[in-house]
file run12.txt (compact mmCIF, C-alpha atoms)
# COMPACT_ATOMS: atom_id res chain seq x y z
CA MET A 7 -17.44 -5.96 -6.27
CA THR A 8 -16.20 -9.16 -4.78
CA ASP A 9 -17.45 -11.47 -2.10
CA GLN A 10 -15.67 -13.80 0.28
CA THR A 11 -16.35 -16.94 -1.71
CA SER A 12 -15.24 -15.71 -5.14
CA GLU A 13 -11.69 -15.15 -3.85
CA LYS A 14 -10.77 -18.81 -3.85
CA ARG A 15 -12.83 -19.76 -6.90
CA VAL A 16 -10.64 -20.52 -9.90
CA LEU A 17 -11.76 -21.32 -13.43
CA VAL A 18 -9.60 -23.53 -15.64
CA ILE A 19 -10.24 -23.34 -19.39
CA ASP A 20 -8.21 -25.82 -21.42
CA ASP A 21 -9.13 -28.25 -24.17
CA GLU A 22 -6.65 -30.84 -22.85
CA VAL A 23 -8.34 -33.06 -20.32
CA PHE A 24 -4.99 -33.91 -18.73
CA ILE A 25 -4.29 -30.26 -17.89
CA ARG A 26 -7.82 -29.70 -16.58
CA GLU A 27 -7.58 -32.69 -14.29
CA LEU A 28 -4.07 -31.86 -13.13
CA LEU A 29 -4.95 -28.28 -12.23
CA GLU A 30 -8.26 -29.24 -10.69
CA GLU A 31 -6.61 -31.79 -8.45
CA TYR A 32 -3.71 -29.54 -7.51
CA PHE A 33 -5.74 -26.45 -6.65
CA SER A 34 -8.51 -28.42 -4.94
CA ARG A 35 -5.94 -29.86 -2.59
CA LEU A 36 -4.87 -26.30 -1.79
CA ASP A 37 -8.44 -25.53 -0.76
CA PHE A 38 -9.42 -23.68 -3.89
CA GLU A 39 -12.78 -24.21 -5.47
CA VAL A 40 -11.97 -25.24 -9.04
CA VAL A 41 -14.38 -25.18 -11.95
CA THR A 42 -13.25 -26.43 -15.36
CA ALA A 43 -14.28 -25.75 -18.94
CA GLU A 44 -13.11 -27.50 -22.09
CA SER A 45 -13.61 -24.63 -24.49
CA GLY A 46 -13.67 -20.85 -24.62
CA ASP A 47 -17.43 -20.80 -25.02
CA GLN A 48 -17.96 -23.08 -22.04
CA GLY A 49 -15.60 -20.92 -19.98
CA ILE A 50 -17.53 -17.79 -20.90
CA GLU A 51 -20.75 -19.52 -19.84
CA ARG A 52 -19.21 -20.31 -16.46
CA VAL A 53 -18.11 -16.69 -15.97
CA SER A 54 -21.60 -15.47 -16.84
CA ALA A 55 -23.09 -17.79 -14.24
CA ASP A 56 -20.61 -17.32 -11.43
CA ARG A 57 -17.91 -15.08 -10.07
CA PHE A 58 -14.24 -16.11 -10.20
CA SER A 59 -11.22 -14.30 -8.83
CA THR A 60 -8.97 -16.01 -11.36
CA ALA A 61 -9.27 -17.76 -14.70
CA LEU A 62 -6.49 -19.88 -16.20
CA VAL A 63 -6.95 -19.83 -19.94
CA ASP A 64 -5.13 -21.93 -22.53
CA LEU A 65 -4.22 -19.95 -25.64
CA LYS A 66 -4.57 -22.59 -28.30
CA MET A 67 -8.00 -24.16 -28.31
CA PRO A 68 -10.27 -25.31 -31.10
CA GLY A 69 -13.14 -22.88 -31.65
CA LYS A 70 -12.73 -19.68 -29.66
CA ASP A 71 -9.03 -19.19 -28.89
CA GLY A 72 -7.60 -18.00 -25.59
CA ILE A 73 -7.25 -14.34 -26.56
CA GLU A 74 -10.85 -14.09 -27.77
CA THR A 75 -12.01 -15.89 -24.63
CA LEU A 76 -9.96 -13.50 -22.49
CA ARG A 77 -11.55 -10.47 -24.17
CA GLU A 78 -15.07 -11.78 -23.64
CA ILE A 79 -14.43 -12.71 -20.01
CA ARG A 80 -13.06 -9.22 -19.35
CA GLN A 81 -16.23 -7.75 -20.76
CA ILE A 82 -18.43 -9.89 -18.53
CA ASP A 83 -16.30 -9.49 -15.40
CA PRO A 84 -13.54 -6.87 -15.60
CA ASN A 85 -12.34 -7.82 -12.11
CA CYS A 86 -11.55 -11.43 -12.98
CA MET A 87 -7.77 -11.96 -13.16
CA ILE A 88 -6.88 -13.89 -16.26
CA ILE A 89 -3.71 -15.93 -16.54
CA VAL A 90 -2.90 -17.09 -20.04
CA MET A 91 -1.14 -20.44 -20.44
CA THR A 92 0.53 -21.65 -23.60
CA GLY A 93 2.90 -24.25 -24.91
CA TYR A 94 3.48 -22.12 -28.00
CA PRO A 95 4.62 -18.67 -26.87
CA THR A 96 4.89 -16.03 -29.60
CA ILE A 97 5.58 -12.31 -29.64
CA ASP A 98 2.20 -11.68 -31.26
CA SER A 99 0.19 -13.63 -28.74
CA SER A 100 2.01 -12.09 -25.78
CA ILE A 101 1.32 -8.60 -27.16
CA GLU A 102 -2.31 -9.53 -27.77
CA ALA A 103 -2.58 -10.85 -24.22
CA LEU A 104 -1.12 -7.57 -22.93
CA ARG A 105 -3.61 -5.54 -24.97
CA ALA A 106 -6.52 -7.67 -23.84
CA GLY A 107 -5.58 -7.09 -20.19
CA ALA A 108 -4.23 -10.48 -19.12
CA TYR A 109 -2.82 -10.60 -15.60
CA ASP A 110 -0.01 -12.96 -16.58
CA TYR A 111 1.24 -15.11 -19.45
CA ILE A 112 2.92 -18.33 -18.51
CA ILE A 113 4.66 -20.86 -20.68
CA LYS A 114 3.99 -24.59 -20.52
CA PRO A 115 5.47 -26.71 -19.13
CA PHE A 116 5.47 -24.79 -15.85
CA LYS A 117 6.03 -25.83 -12.28
CA LEU A 118 2.77 -26.11 -10.39
CA SER A 119 4.30 -24.24 -7.47
CA GLU A 120 5.10 -21.32 -9.78
CA LEU A 121 1.56 -21.28 -11.10
CA ARG A 122 0.31 -21.33 -7.54
CA GLU A 123 2.39 -18.25 -6.74
CA VAL A 124 0.98 -16.43 -9.76
CA VAL A 125 -2.58 -17.36 -8.78
CA GLU A 126 -2.03 -16.23 -5.20
CA ARG A 127 -0.63 -12.90 -6.39
CA ALA A 128 -3.58 -12.52 -8.75
CA ILE A 129 -6.02 -13.14 -5.90
CA LYS A 130 -4.26 -10.58 -3.73
CA GLU A 131 -4.60 -8.01 -6.48
CA TYR A 132 -8.22 -9.01 -7.02
CA CYS A 133 -8.97 -8.34 -3.35
CA LEU A 134 -7.05 -5.07 -3.32
CA LYS A 135 -8.91 -3.85 -6.39
CA ALA A 136 -12.18 -4.61 -4.66
CA GLU A 137 -11.03 -2.66 -1.61
CA ILE A 138 -9.99 0.30 -3.72
CA GLU A 139 -13.41 0.30 -5.37
CA GLN A 140 -14.98 0.25 -1.94
CA ILE A 141 -12.87 3.18 -0.75
CA GLN A 142 -13.64 5.14 -3.89
CA ASP A 143 -17.35 4.49 -3.43
CA ASN A 144 -17.02 5.78 0.13
CA ILE A 145 -15.21 8.88 -1.07
CA GLU A 146 -17.97 9.53 -3.59
CA ILE A 147 -20.59 9.21 -0.88
CA VAL A 148 -18.71 11.62 1.35
CA GLU A 149 -18.27 14.08 -1.51
CA GLY A 150 -21.98 13.88 -2.25
CA GLU A 151 -22.80 14.54 1.40
CA MET A 152 -20.39 17.47 1.41
CA ARG A 153 -22.09 18.99 -1.61
CA ASP A 154 -25.52 18.58 -0.01
CA TYR A 155 -24.20 20.09 3.18
CA LEU A 156 -22.69 23.10 1.45
CA ALA A 157 -25.85 23.63 -0.60
CA LYS A 158 -27.84 24.26 2.59
CA PRO A 159 -28.11 27.73 4.06
CA ARG A 160 -25.58 28.12 6.85
CA GLN A 161 -28.09 28.17 9.70
CA ASP A 162 -29.61 24.86 8.55
CA ARG A 163 -26.31 23.00 8.47
CA PRO A 164 -25.74 20.45 11.21
CA SER A 165 -22.53 20.77 13.17
CA THR A 166 -19.64 19.23 11.16
CA ALA A 167 -17.94 17.92 14.28
CA LEU A 168 -20.81 15.47 14.71
CA HIS A 169 -20.68 14.30 11.13
CA PRO A 170 -19.70 10.59 11.09
CA HIS A 171 -17.22 11.05 8.23
CA ASN A 172 -15.40 13.72 10.18
CA SER A 173 -15.13 11.69 13.34
CA GLU A 174 -11.63 10.92 14.53
CA LYS A 175 -12.31 7.18 14.50
CA TYR A 176 -13.47 7.24 10.88
CA ILE A 177 -10.53 9.35 9.75
CA GLN A 178 -8.02 7.11 11.54
CA GLY A 179 -9.60 4.07 9.88
CA GLN A 180 -9.26 5.66 6.46
CA VAL A 181 -5.63 6.58 7.16
CA ARG A 182 -4.93 2.95 8.00
CA GLU A 183 -6.54 1.92 4.71
CA LEU A 184 -4.28 4.39 2.88
CA ASP A 185 -1.21 3.00 4.66
CA ARG A 186 -2.13 -0.45 3.51
CA LEU A 187 -2.66 0.63 -0.10
CA ARG A 188 0.64 2.49 -0.07
CA GLU A 189 2.42 -0.56 1.31
CA ALA A 190 0.91 -2.74 -1.38
CA GLY A 191 2.25 -0.31 -3.98
CA TYR A 192 -1.13 0.94 -5.17
CA LEU A 193 -0.43 4.55 -4.39
CA SER A 194 2.68 6.53 -5.20
CA GLY A 195 4.35 8.63 -2.54
CA CYS A 196 2.71 11.85 -3.73
CA GLU A 197 -0.74 10.31 -4.07
CA TYR A 198 -0.48 8.88 -0.61
CA GLU A 199 0.63 12.19 0.92
CA GLN A 200 -2.09 14.12 -0.91
CA LYS A 201 -4.87 11.74 0.10
CA LYS A 202 -3.65 11.69 3.68
CA ARG A 203 -3.53 15.50 3.80
CA ASP A 204 -7.09 15.66 2.43
CA LEU A 205 -8.29 13.24 5.07
CA LEU A 206 -6.59 14.98 7.97
CA ALA A 207 -7.93 18.32 6.79
CA ARG A 208 -11.42 17.08 7.65
CA ARG A 209 -10.65 17.18 11.35
CA MET B 245 -9.40 18.79 -17.53
CA ASP B 246 -9.39 20.39 -20.96
CA GLN B 247 -5.74 21.31 -20.79
CA GLN B 248 -3.40 19.91 -23.43
CA ASN B 249 -2.42 16.27 -23.00
CA ARG B 250 1.17 15.90 -21.85
CA LEU B 251 3.19 13.19 -23.49
CA LEU B 252 6.71 12.08 -22.64
CA ILE B 253 8.68 10.36 -25.40
CA VAL B 254 11.87 8.49 -24.52
CA ASP B 255 14.01 7.05 -27.29
CA ASP B 256 17.75 7.18 -27.92
CA GLU B 257 17.24 7.43 -31.69
CA LEU B 258 17.03 11.04 -32.82
CA LEU B 259 15.10 10.11 -35.92
CA ILE B 260 12.34 8.43 -33.90
CA ARG B 261 12.19 11.32 -31.43
CA ASP B 262 11.83 13.82 -34.28
CA LEU B 263 9.22 11.75 -36.03
CA LEU B 264 7.13 11.29 -32.89
CA TYR B 265 7.59 14.91 -31.82
CA ASP B 266 6.32 16.23 -35.14
CA HIS B 267 3.41 13.87 -35.23
CA PHE B 268 2.14 14.30 -31.69
CA SER B 269 2.76 18.05 -31.56
CA GLY B 270 0.65 18.20 -34.69
CA CYS B 271 -2.09 16.29 -32.84
CA ASP B 272 -2.14 18.94 -30.12
CA TYR B 273 -0.11 17.10 -27.50
CA GLN B 274 2.36 18.91 -25.33
CA VAL B 275 5.41 16.76 -25.99
CA SER B 276 8.52 16.36 -23.82
CA LEU B 277 11.49 14.49 -25.25
CA ALA B 278 14.26 12.50 -23.60
CA ALA B 279 17.10 10.54 -25.19
CA ASP B 280 17.77 8.24 -22.25
CA GLY B 281 16.44 7.05 -18.93
CA GLY B 282 18.37 9.58 -16.87
CA SER B 283 17.07 12.62 -18.68
CA ALA B 284 13.55 11.15 -18.73
CA LEU B 285 13.65 10.92 -14.94
CA ALA B 286 15.04 14.44 -14.71
CA LYS B 287 12.19 15.74 -16.88
CA SER B 288 9.59 13.98 -14.79
CA VAL B 289 10.58 15.65 -11.53
CA GLY B 290 7.60 17.61 -10.24
CA LYS B 291 5.76 16.96 -13.47
CA GLU B 292 2.98 14.66 -14.48
CA PHE B 293 2.30 13.14 -17.87
CA ASP B 294 -0.86 11.74 -19.37
CA ALA B 295 1.10 9.06 -21.22
CA VAL B 296 4.68 7.93 -21.85
CA ILE B 297 6.08 6.37 -25.01
CA LEU B 298 9.15 4.40 -24.13
CA ASP B 299 11.86 2.62 -26.09
CA LEU B 300 12.89 -0.67 -24.49
CA LYS B 301 16.57 -0.59 -25.32
CA MET B 302 18.44 2.48 -24.16
CA PRO B 303 22.10 3.00 -23.36
CA ASP B 304 21.79 3.80 -19.67
CA MET B 305 18.71 1.94 -18.57
CA ASP B 306 16.27 -0.75 -19.59
CA GLY B 307 12.92 0.69 -20.63
CA LEU B 308 10.96 -1.36 -18.11
CA GLU B 309 13.27 -0.26 -15.33
CA LEU B 310 12.59 3.33 -16.32
CA ALA B 311 8.86 2.59 -16.39
CA ALA B 312 9.06 1.35 -12.81
CA GLN B 313 10.92 4.49 -11.71
CA LEU B 314 8.49 6.83 -13.47
CA ARG B 315 5.67 5.07 -11.65
CA GLU B 316 7.27 5.88 -8.33
CA ASN B 317 6.08 9.45 -8.98
CA GLN B 318 2.93 8.65 -10.88
CA THR B 319 1.56 5.21 -10.14
CA ALA B 320 -0.99 4.88 -12.89
CA VAL B 321 0.70 6.73 -15.78
CA PRO B 322 0.03 4.76 -18.98
CA ILE B 323 3.18 3.43 -20.61
CA ILE B 324 3.45 2.42 -24.24
CA ILE B 325 6.49 0.42 -25.27
CA ILE B 326 8.14 0.75 -28.67
CA THR B 327 10.98 -1.56 -29.63
CA GLY B 328 13.04 -2.62 -32.59
CA TYR B 329 13.98 -5.85 -30.81
CA PRO B 330 10.75 -7.52 -29.79
CA SER B 331 10.84 -10.74 -27.80
CA VAL B 332 8.36 -12.95 -26.00
CA ASP B 333 10.22 -12.26 -22.76
CA SER B 334 10.07 -8.49 -23.00
CA ALA B 335 6.41 -8.56 -24.08
CA ILE B 336 5.60 -10.72 -21.05
CA GLU B 337 7.57 -8.36 -18.82
CA ALA B 338 5.63 -5.42 -20.28
CA LEU B 339 2.39 -7.29 -19.58
CA ARG B 340 3.44 -8.00 -15.99
CA ASN B 341 4.38 -4.35 -15.53
CA ARG B 342 0.90 -3.33 -16.72
CA CYS B 343 2.13 -1.44 -19.76
CA HIS B 344 -0.71 -0.14 -21.87
CA ASP B 345 0.66 -1.33 -25.20
CA TYR B 346 3.71 -2.72 -26.99
CA PHE B 347 4.65 -1.73 -30.54
CA VAL B 348 7.27 -3.24 -32.79
CA LYS B 349 9.31 -0.84 -34.93
CA PRO B 350 8.65 0.11 -37.62
CA PHE B 351 5.18 0.81 -36.30
CA ASN B 352 2.05 2.18 -37.84
CA MET B 353 1.77 5.79 -36.66
CA LYS B 354 -2.03 5.80 -36.79
CA LYS B 355 -2.19 2.74 -34.54
CA LEU B 356 0.31 4.23 -32.12
CA GLU B 357 -1.64 7.47 -32.01
CA ARG B 358 -4.86 5.58 -31.34
CA ALA B 359 -3.17 3.65 -28.53
CA VAL B 360 -1.95 6.90 -26.95
CA ARG B 361 -5.38 8.49 -27.26
CA GLU B 362 -7.08 5.50 -25.65
CA ALA B 363 -4.47 5.32 -22.90
CA VAL B 364 -4.92 9.01 -22.04
CA ALA B 365 -8.73 8.75 -22.06
CA GLU B 366 -8.62 5.69 -19.80
CA TYR B 367 -6.12 7.33 -17.48
CA ARG B 368 -8.18 10.47 -17.13
CA LYS B 369 -11.31 8.46 -16.46
CA THR B 370 -9.91 6.34 -13.62
CA ALA B 371 -10.29 7.75 -10.17
CA LEU B 372 -6.60 7.36 -9.46
CA GLY B 373 -5.84 9.33 -12.57
CA THR B 374 -8.09 12.17 -11.51
CA GLY B 375 -6.67 11.90 -8.00
CA GLU B 376 -3.25 12.56 -9.45
CA LYS B 377 -4.62 15.41 -11.52
CA HIS B 378 -6.35 17.07 -8.60
CA SER B 379 -3.16 17.14 -6.68
CA ASP B 380 -1.68 19.96 -8.72
call {"tool": "encode", "arguments": {"input": "run12.txt", "output": "structure tokens"}}
result
Amino acid sequence: MTDQTSEKRVLVIDDEVFIRELLEEYFSRLDFEVVTAESGDQGIERVSADRFSTALVDLKMPGKDGIETLREIRQIDPNCMIIVMTGYPTIDSSIEALRAGAYDYIIKPFKLSELREVVERAIKEYCLKAEIEQIQDNIEIVEGEMRDYLAKPRQDRPSTALHPHNSEKYIQGQVRELDRLREAGYLSGCEYEQKKRDLLARR
Amino acid sequence: MDQQNRLLIVDDELLIRDLLYDHFSGCDYQVSLAADGGSALAKSVGKEFDAVILDLKMPDMDGLELAAQLRENQTAVPIIIITGYPSVDSAIEALRNRCHDYFVKPFNMKKLERAVREAVAEYRKTALGTGEKHSD
């Protein structure tokens, strides 16, 4: 789950002080809350203590390297979007980053405006993921209620028309959510149609 | 849920298709084969797969372009790239396209099989995956 404040909180993990300062200054000016760490271990500590929408992680660091750091962060907070940065791109490290679930892999030197775009996209996805989780939780609750309802003898069941999850307002709200997810590319055409049909069938 | 796992393999090299077909059929997968992007798309009409193994370089279409088109039908289908011409650029593109894995030919069959198994398990576990499954 996310909260309002974690959206704009970015963690920068890089052993080079110049990069840390540059990114801290740049993103702070854009109204992000920036926290820095000079090693993988310190970055992992920060993630354990606080929630970040995005972490920028340098690949080549003394001690724990970027890939290992990425893996550990993903274990602590699977929702955190991790952008790998490196001045030494290799096929192996890009494959490892893919396997470890990095959100992006960018090559130094990069334009700050490009990095900003990547971070903003990452945050968008972070928020969408949180919304999807929320919707899925809601669906589970509704399914649970349905099961309870059906388990009751018919005469004891309350009228379905009065059920809040069958109300027109609720259904319309959920349809709007689906439209948004479809627009953002999170649902394929068939998934969208199927989920919409299921919803409308509750009427 | 306990039906056979459906695997789509797309590679223009006959030898690779044969090799993968024999191996994965032997591991109890229901395997569909395609030699290029066009026939892969044709095979995916009205059908869902639990995983796709995809060559990057094909005569009619780039593998990642095909991946994007397959996902039009099945958003979350796990895609595993195999390529004889690895590059940083294509690996980064695969990462950005949320491919499940990326293997360089010649690959270790056991590792590829493990990647497919993990991809399928993950896919079936996610709610979107089951949502897709329930729709048939």
call {"tool": "closest_atom_pairs", "arguments": {"input": "run12.txt", "of": "chain B", "to": "chain A", "cutoff": "7 Å", "atoms": "only C-alpha atoms", "output": "Markdown table"}}
result
| residue | atom | partner | partner_atom | distance |
| --- | --- | --- | --- | --- |
| B:Glu316 | CA | A:Ser194 | CA | 5.6 |
| B:Asn317 | CA | A:Ser194 | CA | 5.9 |
| B:Gln318 | CA | A:Ser194 | CA | 6.1 |
| B:Thr319 | CA | A:Ser194 | CA | 5.2 |
| B:Ser331 | CA | A:Ile97 | CA | 5.8 |
| B:Val332 | CA | A:Ile97 | CA | 4.6 |
| B:Ala335 | CA | A:Ser100 | CA | 5.9 |
| B:Ile336 | CA | A:Ser100 | CA | 6.1 |
| B:Leu339 | CA | A:Leu104 | CA | 4.9 |
| B:Arg340 | CA | A:Asp110 | CA | 6.1 |
| B:His344 | CA | A:Arg105 | CA | 6.9 |
| B:Asp345 | CA | A:Arg105 | CA | 6.0 |
| B:Tyr346 | CA | A:Ile101 | CA | 6.3 |
| B:Glu376 | CA | A:Glu197 | CA | 6.3 |
| B:Ser379 | CA | A:Gln200 | CA | 6.6 |
call {"tool": "residues_near_point", "arguments": {"input": "run12.txt", "point": "(9.2, 15.9, -29.6)", "cutoff": "6 Å", "atoms": "all atoms listed in the file", "output": "list in words"}}
result
Arg261, Asp262, Tyr265, Val275, Ser276 and Leu277 of chain B
call {"tool": "residues_around", "arguments": {"input": "run12.txt", "residues": "Ala295 of chain B", "least_positions_apart": "4", "cutoff": "8 Å", "atoms": "all atoms listed in the file", "output": "list in words"}}
result
Arg250, Leu251, Leu252, Val321, Pro322, Ile323, Ile324, Val360, Ala363 and Val364 of chain B
call {"tool": "closest_residue", "arguments": {"input": "run12.txt", "among": "B:Cys271, B:Cys343, B:Ser334, B:Val289", "to": "Arg358 of chain B", "atoms": "only C-alpha atoms"}}
result
B:Cys271
call {"tool": "atom_distance", "arguments": {"input": "run12.txt", "atom1": "atom CA of Leu17 of chain A", "atom2": "atom CA of Arg35 of chain A"}}
result
15.0 Å
call {"tool": "residues_near_point", "arguments": {"input": "run12.txt", "point": "(-12.9, 0.3, -3.1)", "cutoff": "12 Å", "atoms": "all atoms listed in the file", "output": "tab-separated table (two decimals) with C-alpha atoms, keeping the file's coordinate frame"}}
result
chain	number	residue	atom	x	y	z
A	7	MET	CA	-17.44	-5.96	-6.27
A	8	THR	CA	-16.20	-9.16	-4.78
A	132	TYR	CA	-8.22	-9.01	-7.02
A	133	CYS	CA	-8.97	-8.34	-3.35
A	134	LEU	CA	-7.05	-5.07	-3.32
A	135	LYS	CA	-8.91	-3.85	-6.39
A	136	ALA	CA	-12.18	-4.61	-4.66
A	137	GLU	CA	-11.03	-2.66	-1.61
A	138	ILE	CA	-9.99	0.30	-3.72
A	139	GLU	CA	-13.41	0.30	-5.37
A	140	GLN	CA	-14.98	0.25	-1.94
A	141	ILE	CA	-12.87	3.18	-0.75
A	142	GLN	CA	-13.64	5.14	-3.89
A	143	ASP	CA	-17.35	4.49	-3.43
A	144	ASN	CA	-17.02	5.78	0.13
A	145	ILE	CA	-15.21	8.88	-1.07
A	146	GLU	CA	-17.97	9.53	-3.59
A	147	ILE	CA	-20.59	9.21	-0.88
A	180	GLN	CA	-9.26	5.66	6.46
A	183	GLU	CA	-6.54	1.92	4.71
A	184	LEU	CA	-4.28	4.39	2.88
A	187	LEU	CA	-2.66	0.63	-0.10
A	192	TYR	CA	-1.13	0.94	-5.17
B	371	ALA	CA	-10.29	7.75	-10.17
B	372	LEU	CA	-6.60	7.36	-9.46
call {"tool": "atom_distance", "arguments": {"input": "run12.txt", "atom1": "atom CA of Arg361 of chain B", "atom2": "atom CA of His267 of chain B"}}
result
13.0 Å
